[in-house]
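So the structure is just underneath, and the comments pick up after that.
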Amino acid sequence: MIASVSQVRATAPVARSVFWLMISLMAWELFQGLRAGAAIPEGSWALAPIDLVFLTLLPALSAFAFTRLFLVIGQTVRGTLNVYSTISSPFAWLFWIGLGIGMVGHGLHVAGHALRRAMPEMFAQGEFATKIAFLDTSAGYLLMGIGFFLATLVILLIGQGSGQRITGPERLLFVLGSLATYGLVTIYLGIEGRQIVFAIVASAVISAVSLWTLRPSEITHDPIGAFIVPGTFLAGVTLIIWAIIVGGQPVWP
């Protein structure tokens with residue numbers, strides 16, 4: 001009985017950390033959605049002050065939430081935190097590199113997108129505009145996707161199955177959160193970011209890794225699996241069907 005209570009206390013932080021990661025990602029998505037059509041500020045600023053603050057703060061909070069989840073998983077799986085597991089193991093290297101790549105990609109995208117929107121119409125079709133578009137979409141979105149994928153892959157490999165089993169409304173909440181975060185991000189990356197091949201491959205790899213570590217019937221009962229896999233898998237299937245229907249790169253209707 002004492003061992004059972006101890007195990008529950010040890011694994012409960014995993015679900016809480018997943019929840020806060022979900023909230024931070026949803027806040028980031030919501031802000032970007034609300035500010036997507038914002039007017040270009042006057043003067044020398046390419047971004048409005050509110051955009052500059054929140055497009056820095058919200059990704060930083062998401063990176064912090066990823067880091068917290070990584071550390072909590074390490075402590076839960078091993079019973080303690082140590083230098084090797086947090087900064088020196090192969091999984092740690094993969095996680096920190098992925099997180100760094102993702103943040104660099106976000107910075108490139110934000111800068112490129114702001115410059116692209118503020119560019120005078122007479123320069124919009126020139127070589128300079130093409131280079132800015134490359135930073136905005138090709139480089140920015142791809143690096144963000146790679147970083148997001150690597151960090152997620154590490155979380156799945158070391159953490160799936162380590163958390164307390166979830167059921168009922170909590171399970172539904174995590175699955176819906178998966179659709180609103182991983183599902184939306186994967187589809188957005190494939191369509192708006194024009195990285196459909198990468199998005200589909202990433203979806204397939206994440207789904208395969210999840211099935212490799214847990215039985216299909218248990219995936220949505222695990223906090224990490226329930227948060228990552230449903231949205232990623234369904235987004236990958238959606239992109240494949242969409243690409244087949246249109247015969248190539250899908251675009252927003």
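Ordering of the structure tokens sets the chain letters (A, B, ...), residue numbers begin anew at 1 in every chain, and ligands are numbered from 1 in the order given.
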
Inset, instruction - Assign secondary structure with DSSP using the backbone only, and return the residues of region 9-231 of chain A in alpha helix (DSSP H) as an MDAnalysis selection string. - result: chainID A and resid 9:34 49:78 83 90:118 127:133 140:159 168:178 184:191 196:213 216:219 223:231

Using only C-alpha atoms, please write the residues we just selected to a file, as a short mmCIF file (atom, residue, chain, number, x, y, z; two decimals), in the first residue's frame.
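Writing done, so here's part_18.cif:
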data_model
loop_
_atom_site.label_atom_id
_atom_site.label_comp_id
_atom_site.auth_asym_id
_atom_site.auth_seq_id
_atom_site.Cartn_x
_atom_site.Cartn_y
_atom_site.Cartn_z
CA ARG A 9 3.08 10.60 -5.98
CA ALA A 10 6.11 9.98 -8.16
CA THR A 11 4.20 9.74 -11.43
CA ALA A 12 1.56 12.44 -10.86
CA PRO A 13 4.01 15.28 -11.73
CA VAL A 14 4.31 13.81 -15.24
CA ALA A 15 0.63 14.46 -15.95
CA ARG A 16 0.85 17.94 -14.43
CA SER A 17 3.90 18.78 -16.51
CA VAL A 18 2.17 17.54 -19.66
CA PHE A 19 -0.83 19.69 -18.78
CA TRP A 20 1.27 22.84 -18.42
CA LEU A 21 3.02 22.11 -21.71
CA MET A 22 -0.39 21.79 -23.34
CA ILE A 23 -1.53 25.11 -21.86
CA SER A 24 1.63 26.94 -22.95
CA LEU A 25 1.39 25.63 -26.52
CA MET A 26 -2.30 26.52 -26.75
CA ALA A 27 -1.59 30.04 -25.45
CA TRP A 28 1.12 30.46 -28.09
CA GLU A 29 -1.23 29.26 -30.84
CA LEU A 30 -4.08 31.44 -29.61
CA PHE A 31 -1.97 34.58 -29.54
CA GLN A 32 -0.60 33.98 -33.02
CA GLY A 33 -4.11 33.34 -34.31
CA LEU A 34 -5.48 36.52 -32.75
CA PRO A 49 5.44 46.07 -28.86
CA ILE A 50 2.76 43.60 -27.75
CA ASP A 51 3.82 41.18 -30.50
CA LEU A 52 7.48 41.57 -29.63
CA VAL A 53 6.80 40.79 -25.98
CA PHE A 54 4.45 37.86 -26.40
CA LEU A 55 6.21 36.30 -29.40
CA THR A 56 9.24 36.13 -27.13
CA LEU A 57 7.53 35.25 -23.86
CA LEU A 58 5.14 32.53 -25.05
CA PRO A 59 7.75 30.45 -26.94
CA ALA A 60 10.05 30.83 -23.93
CA LEU A 61 7.29 29.51 -21.66
CA SER A 62 6.73 26.59 -24.03
CA ALA A 63 10.46 25.82 -24.02
CA PHE A 64 10.41 25.98 -20.22
CA ALA A 65 7.43 23.60 -20.15
CA PHE A 66 9.26 21.16 -22.43
CA THR A 67 12.32 21.40 -20.18
CA ARG A 68 10.28 20.84 -17.04
CA LEU A 69 8.61 17.78 -18.56
CA PHE A 70 11.99 16.38 -19.64
CA LEU A 71 13.43 16.80 -16.14
CA VAL A 72 10.34 15.40 -14.41
CA ILE A 73 10.40 12.34 -16.66
CA GLY A 74 14.09 11.81 -15.93
CA GLN A 75 13.47 11.98 -12.21
CA THR A 76 10.42 9.70 -12.42
CA VAL A 77 12.14 7.03 -14.52
CA ARG A 78 15.45 6.98 -12.62
CA VAL A 83 24.25 15.29 -14.54
CA PRO A 90 22.36 10.77 -25.92
CA PHE A 91 18.71 11.55 -25.19
CA ALA A 92 19.71 14.73 -23.35
CA TRP A 93 21.87 15.86 -26.26
CA LEU A 94 19.02 15.19 -28.68
CA PHE A 95 16.53 17.06 -26.51
CA TRP A 96 18.64 20.18 -25.91
CA ILE A 97 19.75 20.37 -29.54
CA GLY A 98 16.14 20.00 -30.67
CA LEU A 99 14.99 22.72 -28.29
CA GLY A 100 17.73 25.06 -29.50
CA ILE A 101 16.98 24.39 -33.17
CA GLY A 102 13.30 25.05 -32.57
CA MET A 103 13.96 28.40 -30.90
CA VAL A 104 16.33 29.46 -33.70
CA GLY A 105 13.69 28.49 -36.24
CA HIS A 106 11.07 30.51 -34.40
CA GLY A 107 13.33 33.56 -34.38
CA LEU A 108 14.00 33.26 -38.12
CA HIS A 109 10.31 32.89 -38.84
CA VAL A 110 9.25 35.86 -36.71
CA ALA A 111 11.93 38.13 -38.17
CA GLY A 112 11.33 37.01 -41.74
CA HIS A 113 7.56 37.27 -41.45
CA ALA A 114 7.71 40.76 -39.94
CA LEU A 115 10.05 42.00 -42.66
CA ARG A 116 7.96 40.37 -45.35
CA ARG A 117 4.79 42.10 -44.16
CA ALA A 118 6.50 45.48 -43.82
CA GLU A 127 15.42 38.83 -55.11
CA PHE A 128 15.59 40.37 -51.63
CA ALA A 129 11.93 39.49 -51.05
CA THR A 130 12.66 35.91 -52.08
CA LYS A 131 15.44 35.65 -49.52
CA ILE A 132 13.18 37.00 -46.79
CA ALA A 133 10.47 34.53 -47.80
CA GLY A 140 12.00 29.16 -40.20
CA TYR A 141 9.21 26.61 -40.35
CA LEU A 142 11.54 23.72 -41.17
CA LEU A 143 13.86 24.44 -38.23
CA MET A 144 10.90 24.89 -35.89
CA GLY A 145 9.49 21.59 -37.09
CA ILE A 146 12.79 19.75 -36.67
CA GLY A 147 13.28 21.13 -33.17
CA PHE A 148 9.70 20.36 -32.15
CA PHE A 149 10.04 16.85 -33.57
CA LEU A 150 13.34 16.06 -31.82
CA ALA A 151 12.17 17.29 -28.42
CA THR A 152 8.91 15.36 -28.78
CA LEU A 153 10.70 12.21 -29.87
CA VAL A 154 12.90 12.24 -26.78
CA ILE A 155 9.90 12.82 -24.51
CA LEU A 156 8.17 9.83 -26.09
CA LEU A 157 11.17 7.53 -25.97
CA ILE A 158 12.04 8.09 -22.33
CA GLY A 159 8.71 9.14 -20.88
CA GLY A 168 -12.33 9.66 -17.72
CA PRO A 169 -12.45 13.44 -18.22
CA GLU A 170 -8.70 13.80 -17.72
CA ARG A 171 -8.05 11.40 -20.58
CA LEU A 172 -10.50 13.27 -22.82
CA LEU A 173 -8.85 16.58 -21.91
CA PHE A 174 -5.42 15.34 -22.95
CA VAL A 175 -6.71 13.89 -26.22
CA LEU A 176 -8.52 17.12 -27.11
CA GLY A 177 -5.40 19.03 -26.14
CA SER A 178 -3.44 16.83 -28.52
CA LEU A 184 -2.96 21.81 -35.47
CA VAL A 185 0.80 22.41 -35.45
CA THR A 186 1.47 19.44 -37.75
CA ILE A 187 -1.19 20.48 -40.26
CA TYR A 188 -0.07 24.11 -40.14
CA LEU A 189 3.54 23.09 -40.69
CA GLY A 190 2.58 20.93 -43.65
CA ILE A 191 0.33 23.49 -45.34
CA ILE A 196 4.24 18.50 -46.03
CA VAL A 197 6.77 15.71 -46.58
CA PHE A 198 8.54 16.46 -43.31
CA ALA A 199 5.23 16.77 -41.44
CA ILE A 200 3.99 13.40 -42.71
CA VAL A 201 7.30 11.66 -41.99
CA ALA A 202 7.47 13.18 -38.50
CA SER A 203 3.89 12.08 -37.82
CA ALA A 204 4.67 8.53 -38.96
CA VAL A 205 7.84 8.30 -36.87
CA ILE A 206 6.19 9.64 -33.71
CA SER A 207 3.23 7.28 -34.14
CA ALA A 208 5.53 4.30 -34.76
CA VAL A 209 7.68 5.08 -31.71
CA SER A 210 4.59 5.37 -29.55
CA LEU A 211 3.26 2.02 -30.77
CA TRP A 212 6.69 0.50 -30.19
CA THR A 213 6.74 1.50 -26.53
CA PRO A 216 -2.40 0.84 -28.87
CA SER A 217 -5.07 0.37 -26.20
CA GLU A 218 -2.83 1.98 -23.58
CA ILE A 219 -1.58 5.00 -25.51
CA PRO A 223 -0.52 11.26 -20.20
CA ILE A 224 2.35 11.64 -22.65
CA GLY A 225 0.86 9.32 -25.25
CA ALA A 226 -2.59 10.89 -24.95
CA PHE A 227 -1.16 14.37 -25.41
CA ILE A 228 1.19 13.68 -28.33
CA VAL A 229 -0.06 10.77 -30.40
CA PRO A 230 -3.75 11.35 -31.31
CA GLY A 231 -3.23 14.81 -32.78
#

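The spacing separating CA of Tyr84 (chain A) from CA of Gly163 (chain A) amounts to 21.7 Å.
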
Legend entry - Distance of CA of Leu239 (chain A) from CA of Thr220 (chain A), expressed in Å to one decimal place: 21.9 Å

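Among the candidates A:Ser85, A:Met119, A:Gln195, A:Pro250, the one nearest to Thr238 (chain A) when counting only C-alpha atoms is A:Pro250.
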
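With CA of Gln160 (chain A) on one side and CA of Arg194 (chain A) on the other, the separation reads 29.8 Å.
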